[in-house]
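J.: Sharing protein_31.txt below, compact mmCIF, C-alpha atoms:
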```
# COMPACT_ATOMS: atom_id res chain seq x y z
CA MET J 1 14.26 -31.04 6.33
CA ASP J 2 11.89 -34.01 6.77
CA ASP J 3 8.52 -32.30 6.84
CA PRO J 4 7.43 -31.69 3.22
CA ILE J 5 5.10 -28.91 4.39
CA VAL J 6 7.97 -26.99 6.03
CA GLU J 7 10.00 -27.44 2.86
CA TYR J 8 7.13 -26.26 0.65
CA LEU J 9 6.44 -23.22 2.84
CA ALA J 10 10.13 -22.24 2.79
CA GLU J 11 10.10 -22.41 -1.02
CA LEU J 12 6.87 -20.40 -1.13
CA ARG J 13 8.36 -17.73 1.14
CA ARG J 14 11.40 -17.46 -1.14
CA GLU J 15 9.24 -17.16 -4.26
CA LEU J 16 6.72 -14.64 -2.90
CA ARG J 17 7.22 -11.09 -4.10
CA CYS J 18 5.73 -8.81 -1.49
CA SER J 19 6.53 -7.21 1.85
CA ARG J 20 7.77 -9.40 4.74
CA ARG J 21 4.58 -8.67 6.67
CA ARG J 22 2.38 -9.94 3.84
CA LYS J 23 4.65 -12.95 3.34
CA ASN J 24 4.09 -13.96 6.96
CA VAL J 25 0.33 -13.63 6.53
CA LEU J 26 0.22 -15.65 3.30
CA VAL J 27 2.52 -18.40 4.55
CA ALA J 28 0.56 -18.72 7.82
CA GLU J 29 -2.69 -19.08 5.87
CA VAL J 30 -1.28 -21.73 3.50
CA GLU J 31 0.28 -23.61 6.42
CA ASP J 32 -3.01 -23.71 8.33
CA HIS J 33 -4.71 -25.13 5.24
CA LEU J 34 -2.03 -27.75 4.58
CA ARG J 35 -1.89 -28.92 8.22
CA GLU J 36 -5.66 -29.20 8.46
CA ARG J 37 -6.01 -31.07 5.19
CA THR J 38 -3.16 -33.40 6.13
CA ALA J 39 -4.74 -34.13 9.51
CA ALA J 40 -8.15 -34.70 7.88
CA ARG J 41 -6.59 -37.38 5.69
CA GLY J 42 -4.94 -39.24 8.48
CA GLY J 43 -1.65 -37.32 8.72
CA GLY J 44 1.73 -38.61 7.63
CA GLU J 45 4.02 -37.74 4.77
CA THR J 46 1.79 -39.12 2.02
CA ALA J 47 -1.17 -37.03 3.19
CA ALA J 48 1.08 -33.97 3.44
CA ARG J 49 2.39 -34.45 -0.11
CA GLU J 50 -1.15 -34.93 -1.36
CA ALA J 51 -2.23 -31.70 0.37
CA ILE J 52 0.72 -29.85 -1.17
CA SER J 53 -0.15 -31.11 -4.65
CA THR J 54 -3.55 -29.37 -4.45
CA PHE J 55 -1.76 -26.03 -4.21
CA GLY J 56 0.49 -26.79 -7.16
CA PRO J 57 4.17 -25.77 -7.57
CA SER J 58 5.31 -23.13 -5.09
CA ASP J 59 6.49 -20.75 -7.82
CA SER J 60 3.14 -20.62 -9.61
CA LEU J 61 1.28 -20.26 -6.30
CA ALA J 62 3.66 -17.46 -5.30
CA LYS J 63 2.99 -15.73 -8.61
CA GLN J 64 -0.76 -15.90 -7.98
CA LEU J 65 -0.50 -14.72 -4.40
CA SER J 66 2.02 -11.91 -4.88
CA GLY J 67 0.39 -8.51 -5.22
CA SER J 68 0.54 -6.91 -8.66
CA GLY J 69 1.73 -3.72 -6.93
CA TRP J 70 5.10 -5.39 -6.48
CA ARG J 71 5.40 -5.77 -10.26
CA LEU J 72 4.48 -2.10 -10.66
CA TRP J 73 7.00 -1.13 -8.00
CA THR J 74 9.85 -3.15 -9.53
CA ALA J 75 8.94 -1.94 -13.03
CA PHE J 76 10.22 1.45 -11.84
CA HIS J 77 13.44 0.06 -10.42
CA TRP J 78 15.55 2.70 -12.17
CA TYR J 79 13.38 5.36 -10.61
CA VAL J 80 13.84 3.61 -7.25
CA TYR J 81 17.63 3.69 -7.55
CA ALA J 82 17.58 7.25 -8.88
CA THR J 83 15.49 8.56 -5.98
CA MET J 84 17.60 6.76 -3.40
CA PHE J 85 20.83 8.00 -4.98
CA GLY J 86 19.45 11.50 -5.57
CA GLY J 87 18.17 11.81 -2.01
CA LEU J 88 21.50 10.68 -0.58
CA LEU J 89 23.42 13.04 -2.85
CA LEU J 90 21.25 15.99 -1.82
CA ILE J 91 21.79 15.19 1.87
CA LEU J 92 25.56 14.86 1.41
CA LEU J 93 25.78 18.07 -0.59
CA GLY J 94 23.65 19.91 1.96
CA SER J 95 25.73 18.57 4.85
CA ALA J 96 28.95 19.64 3.09
CA LEU J 97 27.57 23.14 2.59
CA VAL J 98 26.48 23.45 6.23
CA LEU J 99 29.84 22.12 7.45
CA SER J 100 31.68 24.56 5.20
CA VAL J 101 30.26 27.54 7.09
CA LEU J 102 30.46 26.16 10.63
CA PRO J 103 33.20 28.06 12.43
CA GLY J 104 35.97 26.01 14.00
CA THR J 105 35.60 22.95 11.76
CA PRO J 106 38.34 21.84 9.37
CA PHE J 107 35.89 22.50 6.54
CA ALA J 108 35.14 26.09 7.59
CA ASP J 109 35.49 28.64 4.85
CA GLU J 110 36.67 31.77 6.64
CA SER J 111 36.78 33.80 3.46
CA GLY J 112 33.05 34.41 3.92
CA SER J 113 30.20 33.64 1.62
CA HIS J 114 27.17 35.48 0.34
CA ALA J 115 24.79 36.36 3.12
CA LEU J 116 21.01 36.33 2.84
CA ARG J 117 18.97 38.81 4.84
CA LEU J 118 16.32 36.96 6.79
CA TRP J 119 15.03 39.87 8.80
CA ARG J 120 15.65 43.54 9.59
CA ASP J 121 15.59 44.70 13.13
CA CYS J 122 15.56 48.23 14.50
CA THR J 123 17.81 49.13 17.42
CA ALA J 124 15.22 51.52 18.94
CA TYR J 125 11.53 52.30 18.47
CA ASP J 126 9.40 55.27 19.52
CA PRO J 127 6.13 54.63 21.45
CA SER J 128 4.14 54.61 18.19
CA GLY J 129 6.31 51.76 16.90
CA GLU J 130 8.31 53.83 14.38
CA CYS J 131 12.00 52.98 14.09
CA ILE J 132 14.12 55.75 15.49
CA GLY J 133 17.36 53.81 15.72
CA THR J 134 19.22 52.15 12.92
CA TRP J 135 18.17 49.11 10.95
CA VAL J 136 20.29 46.02 11.52
CA ASP J 137 20.18 43.17 9.03
CA ARG J 138 19.86 39.70 10.50
CA THR J 139 21.63 37.52 7.95
CA VAL J 140 22.50 33.94 7.41
CA SER J 141 25.08 32.45 5.10
CA ALA J 142 23.69 31.49 1.68
CA ALA J 143 25.60 28.23 1.95
CA THR J 144 23.80 27.39 5.20
CA VAL J 145 20.41 28.08 3.66
CA ALA J 146 21.28 26.05 0.56
CA GLY J 147 22.65 23.24 2.72
CA VAL J 148 19.58 23.07 4.93
CA LEU J 149 17.28 23.19 1.90
CA LEU J 150 19.24 20.41 0.20
CA ILE J 151 19.12 18.23 3.32
CA ALA J 152 15.38 18.82 3.59
CA ALA J 153 14.93 18.00 -0.11
CA GLY J 154 16.98 14.82 0.27
CA MET J 155 14.93 13.74 3.27
CA LEU J 156 11.72 14.56 1.40
CA VAL J 157 12.82 12.43 -1.57
CA GLY J 158 13.68 9.58 0.83
CA ALA J 159 10.33 9.89 2.61
CA GLY J 160 8.49 9.94 -0.73
CA HIS J 161 10.35 6.80 -1.75
CA TRP J 162 9.39 5.03 1.48
CA VAL J 163 5.75 6.11 1.31
CA LEU J 164 5.42 5.03 -2.32
CA ARG J 165 7.01 1.65 -1.53
CA ARG J 166 4.60 1.04 1.33
CA ALA J 167 1.61 2.06 -0.76
CA LEU J 168 2.46 -0.03 -3.82
CA LEU J 169 4.27 -3.13 -2.61
CA ASP J 170 1.26 -5.24 -1.60
CA ALA J 171 -1.38 -3.46 -3.66
CA THR J 172 -3.57 -4.92 -6.39
CA ASP J 173 -3.75 -3.07 -9.74
CA ALA J 174 -6.93 -1.23 -8.76
CA GLN J 175 -5.54 -0.28 -5.35
CA ALA J 176 -2.24 0.89 -6.85
CA ALA J 177 -4.05 3.17 -9.33
CA ARG J 178 -6.22 4.67 -6.57
CA ARG J 179 -3.27 5.17 -4.24
CA LEU J 180 -1.14 6.77 -6.95
CA PHE J 181 -3.96 9.20 -7.69
CA HIS J 182 -4.46 10.18 -4.05
CA MET J 183 -0.77 10.38 -3.22
CA GLY J 184 0.26 12.13 -6.44
CA GLY J 185 -2.60 14.62 -6.19
CA SER J 186 -2.10 15.44 -2.52
CA ALA J 187 1.71 15.68 -2.87
CA THR J 188 1.35 18.07 -5.84
CA LEU J 189 -1.16 20.27 -4.03
CA VAL J 190 0.81 20.35 -0.77
CA GLY J 191 4.03 21.10 -2.70
CA LEU J 192 2.33 23.91 -4.61
CA GLY J 193 0.78 25.28 -1.41
CA LEU J 194 4.12 25.27 0.39
CA LEU J 195 5.80 26.93 -2.58
CA LEU J 196 3.19 29.69 -2.59
CA LEU J 197 3.48 30.09 1.17
CA VAL J 198 7.28 30.25 1.26
CA SER J 199 7.60 32.48 -1.78
CA GLY J 200 4.90 34.80 -0.45
CA LEU J 201 6.50 34.91 2.98
CA PHE J 202 9.96 35.65 1.61
CA GLY J 203 8.55 38.19 -0.80
CA ARG J 204 6.88 40.09 2.03
CA LEU J 205 9.93 39.93 4.26
CA ALA J 206 12.22 41.13 1.50
CA SER J 207 9.96 44.08 0.75
CA ASP J 208 9.99 45.20 4.41
CA GLU J 209 6.19 45.21 4.48
CA GLY J 210 5.90 42.54 7.14
CA ILE J 211 3.35 39.79 6.93
CA GLY J 212 0.42 41.61 8.50
CA GLY J 213 -2.95 42.22 6.86
CA HIS J 214 -4.71 39.65 4.69
CA PRO J 215 -2.41 38.99 1.76
CA VAL J 216 -3.83 37.05 -1.21
CA TRP J 217 -0.91 34.59 -1.26
CA LEU J 218 -1.68 33.49 2.28
CA ALA J 219 -5.32 32.73 1.48
CA LEU J 220 -4.38 31.04 -1.79
CA SER J 221 -1.66 28.87 -0.32
CA SER J 222 -3.89 27.92 2.63
CA MET J 223 -6.62 26.88 0.23
CA VAL J 224 -4.26 24.78 -1.89
CA LEU J 225 -2.76 23.18 1.25
CA LEU J 226 -6.24 22.45 2.56
CA LEU J 227 -7.24 20.80 -0.73
CA GLY J 228 -4.07 18.68 -0.63
CA GLY J 229 -4.85 17.70 2.96
CA VAL J 230 -8.45 16.76 2.10
CA LEU J 231 -7.27 14.60 -0.82
CA TYR J 232 -4.70 12.89 1.42
CA VAL J 233 -7.22 12.22 4.19
CA SER J 234 -9.78 10.87 1.72
CA GLY J 235 -7.09 8.50 0.38
CA ARG J 236 -6.26 7.34 3.92
CA ARG J 237 -9.92 6.80 4.78
CA ASN J 238 -10.38 4.92 1.54
CA ARG J 239 -7.49 2.60 2.42
CA ARG J 240 -8.64 2.11 6.00
CA GLY J 241 -12.18 1.34 4.82
CA ARG J 242 -10.85 -1.42 2.63
CA ALA J 243 -8.41 -2.87 5.13
CA MET A 244 -12.71 -30.60 -13.54
CA PRO A 245 -13.09 -30.39 -17.39
CA MET A 246 -11.78 -27.23 -19.08
CA THR A 247 -15.28 -26.01 -20.09
CA ASP A 248 -16.45 -26.25 -16.47
CA ARG A 249 -13.38 -24.33 -15.35
CA GLN A 250 -14.13 -21.57 -17.87
CA ARG A 251 -17.75 -21.39 -16.75
CA LEU A 252 -16.60 -21.28 -13.16
CA LYS A 253 -14.09 -18.50 -13.73
CA GLY A 254 -16.77 -15.88 -14.35
CA ASN A 255 -18.78 -16.98 -11.33
CA LEU A 256 -16.05 -17.69 -8.79
CA ASP A 257 -16.58 -14.41 -6.93
CA LEU A 258 -20.31 -15.08 -6.58
CA LEU A 259 -19.68 -18.63 -5.37
CA LEU A 260 -17.15 -17.49 -2.78
CA LEU A 261 -19.36 -14.64 -1.57
CA CYS A 262 -22.29 -17.05 -1.19
CA ALA A 263 -20.11 -19.59 0.63
CA VAL A 264 -18.85 -16.94 3.07
CA ALA A 265 -22.41 -15.60 3.52
CA ARG A 266 -23.36 -18.95 5.12
CA GLY A 267 -21.01 -18.22 7.99
CA GLU A 268 -17.54 -16.99 8.85
CA ALA A 269 -14.95 -19.54 7.76
CA HIS A 270 -11.31 -20.07 6.81
CA GLY A 271 -10.10 -20.96 3.30
CA TYR A 272 -10.05 -24.72 3.84
CA ALA A 273 -13.59 -24.75 5.25
CA LEU A 274 -14.83 -22.61 2.35
CA ILE A 275 -13.42 -25.02 -0.22
CA GLU A 276 -15.04 -27.95 1.62
CA ARG A 277 -18.30 -26.04 1.90
CA LEU A 278 -18.39 -25.35 -1.85
CA ARG A 279 -17.65 -28.99 -2.61
CA ASP A 280 -20.36 -30.24 -0.24
CA LEU A 281 -23.01 -27.77 -1.38
CA SER A 282 -22.38 -28.58 -5.04
CA ALA A 283 -22.29 -32.33 -4.37
CA GLY A 284 -18.68 -32.48 -5.51
CA THR A 285 -19.07 -30.40 -8.70
CA PHE A 286 -17.05 -27.46 -7.40
CA ASP A 287 -13.85 -29.11 -6.22
CA LEU A 288 -11.86 -25.92 -6.50
CA PRO A 289 -8.06 -25.89 -6.53
CA GLU A 290 -6.51 -24.04 -3.60
CA GLY A 291 -4.27 -22.04 -5.92
CA THR A 292 -7.41 -20.49 -7.42
CA VAL A 293 -9.42 -19.94 -4.28
CA TYR A 294 -6.89 -18.08 -2.13
CA PRO A 295 -5.95 -15.40 -4.70
CA ALA A 296 -9.68 -14.88 -5.35
CA LEU A 297 -10.37 -14.53 -1.61
CA HIS A 298 -7.53 -11.99 -1.29
CA GLU A 299 -8.86 -10.04 -4.26
CA LEU A 300 -12.35 -9.92 -2.73
CA GLU A 301 -10.80 -8.78 0.54
CA ALA A 302 -8.77 -6.09 -1.22
CA ASP A 303 -11.95 -4.86 -2.91
CA GLY A 304 -13.67 -4.58 0.46
CA LEU A 305 -16.24 -7.31 -0.25
CA LEU A 306 -14.77 -9.61 2.39
CA ALA A 307 -13.07 -8.83 5.67
CA SER A 308 -11.00 -11.15 7.82
CA ARG A 309 -9.77 -11.68 11.34
CA TRP A 310 -7.11 -13.94 12.80
CA THR A 311 -7.80 -16.53 15.41
CA GLU A 312 -5.95 -19.43 17.04
CA ALA A 313 -6.87 -23.03 16.22
CA SER A 314 -4.90 -26.20 17.06
CA GLY A 315 -1.93 -24.05 18.00
CA ARG A 316 -1.91 -22.38 14.59
CA ARG A 317 -2.97 -18.98 13.37
CA ARG A 318 -6.15 -19.14 11.34
CA LYS A 319 -7.61 -16.50 9.05
CA LEU A 320 -11.40 -16.32 9.09
CA TYR A 321 -13.29 -14.52 6.33
CA HIS A 322 -16.65 -12.81 6.69
CA LEU A 323 -18.86 -10.77 4.42
CA THR A 324 -18.92 -6.96 4.59
CA GLY A 325 -21.94 -4.79 3.87
CA LYS A 326 -20.48 -3.99 0.48
CA GLY A 327 -19.94 -7.71 -0.11
CA ARG A 328 -23.56 -8.46 0.76
CA ARG A 329 -24.80 -5.85 -1.72
CA SER A 330 -22.40 -7.11 -4.40
CA MET A 331 -23.55 -10.69 -3.80
CA ALA A 332 -27.21 -9.67 -4.22
CA ASP A 333 -26.41 -7.85 -7.48
CA GLU A 334 -24.35 -10.72 -8.85
CA ARG A 335 -26.99 -13.27 -7.90
CA GLN A 336 -29.64 -11.17 -9.65
CA ALA A 337 -27.47 -10.98 -12.78
CA TRP A 338 -26.79 -14.72 -12.64
CA ASN A 339 -30.50 -15.56 -12.27
CA SER A 340 -31.40 -13.39 -15.28
CA PHE A 341 -28.62 -14.98 -17.32
CA ALA A 342 -29.51 -18.54 -16.31
CA ALA A 343 -33.21 -17.90 -17.06
CA ALA A 344 -32.32 -16.53 -20.50
CA VAL A 345 -30.10 -19.55 -21.28
CA GLN A 346 -32.83 -21.89 -20.07
CA ALA A 347 -35.43 -20.09 -22.18
CA VAL A 348 -33.35 -20.65 -25.30
CA ALA A 349 -31.79 -24.04 -24.59
CA GLY A 350 -34.66 -25.57 -22.62
CA GLY A 351 -37.22 -25.44 -25.40
CA VAL A 352 -35.17 -27.36 -27.98
```
What is this structure when it is put down as structure tokens?

T.:
Amino acid sequence: MDDPIVEYLAELRRELRCSRRRKNVLVAEVEDHLRERTAARGGGETAAREAISTFGPSDSLAKQLSGSGWRLWTAFHWYVYATMFGGLLLILLGSALVLSVLPGTPFADESGSHALRLWRDCTAYDPSGECIGTWVDRTVSAATVAGVLLIAAGMLVGAGHWVLRRALLDATDAQAARRLFHMGGSATLVGLGLLLLVSGLFGRLASDEGIGGHPVWLALSSMVLLLGGVLYVSGRRNRRGRA
Amino acid sequence: MPMTDRQRLKGNLDLLLLCAVARGEAHGYALIERLRDLSAGTFDLPEGTVYPALHELEADGLLASRWTEASGRRRKLYHLTGKGRRSMADERQAWNSFAAAVQAVAGGV
């Protein structure tokens, strides 16, 4: 490589610790500066080397330009591996459970497994809506439910990992703290809201009362979900306002 | 630049950069030249200091930027935001009070 600027930029790119997108932005900005300064001093290799010297060694420049969020992100590298591994494990386990109950597959367990009642249906109703036939349970294999839940949990863990990486990788300390607050708060509230909603829903279905009326759990979970949504949106607006 | 000047500069770098950008949208190289010219060569700032400071100001919402094309290269131009303008006014006020206080003590000796 003959051009010292190209060589310097390649070193800088290697040393930078941030997302590829941010690397492109930083390198383009430094290159523009170096080329302009070199041209202003008559061009040539000597002028290029002189321009490079004003930036200092590529490793120290990279350290100054890299976002501190990257350091925060890599500080949790065990967490990163754990979430990736955990998410994958949950998906595999869930898939195995679902496959085990699919009829006609080599994994199918014909001996039967515990069944969960999802719904009760009546074979006949009178005009007033009263059941005059017999109640039939609509069931699903417990293994299927567990499998689907595990796959969903694994995907959720993976999505959380990806979102956190995006939010932290190029962030400054102040930005990282703000983003962690917004994301952690909204994720907790949405999780709690969903838990209330699902548990309330299943509770009502299991007790044969239906989900009519104005149950407290529905209002409560909606409120918690709404709060989580508001916190998330305020975090997004905050980020967009600063971008 | 002597070490004492560098230390003095460190606390005022944000104000200097905000004031330089306030004179008109510019890219990093032009801002460094502008600071050097306006200070008659006193503020010959190293690039490795200026760019991280510009990025920090941008991350804090005091500066905003846009990309343009110049001489076949991509160029990042910085401009002041409303928040940046308010921050610059506050910092300038604080600097004027501080400088006046130093002058009041040191100037009479």

J.: Quick one, how far is atom CA of J:Asn24 from atom CA of J:Leu9?

T.: 10.4 Å

J.: Write out as a ChimeraX atom specification each polymer residue whose atoms come within 10 Å of stretch 338-340 of chain A, counting all atoms listed in the file; drop sequence neighbours fewer than 6 positions from it.

T.: /A:255,258,332,346

J.: Set the cut-off to 6 Å and count all atoms listed in the file: what are the residues of chain J that reach chain A? Output as a ChimeraX atom specification.

T.: /J:33,55,61,65,242

J.: Can you work out the spacing between atom CA of J:Glu31 and atom CA of J:Val6 in Å, to one decimal?

T.: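 Computing the Euclidean distance for atom CA of J:Glu31 and atom CA of J:Val6 yields 8.4 Å.
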
J.: Looking at A:Leu297, A:Leu256, A:Leu261, A:Ala269, which one is nearest to A:Arg329, with distances taken over all atoms listed in the file?

T.: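 Checking each of A:Leu297, A:Leu256, A:Leu261, A:Ala269 against A:Arg329, counting all atoms listed in the file, the winner is A:Leu261.
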
J.: Distance atom CA of A:His322-atom CA of A:Ala283, one decimal place?

T.: 23.1 Å

J.: Point out the residue among A:Met331, A:Lys326, A:Asp287, A:Arg279 with the least atom-to-atom distance to A:Ala265, counting all atoms listed in the file.

T.: A:Met331
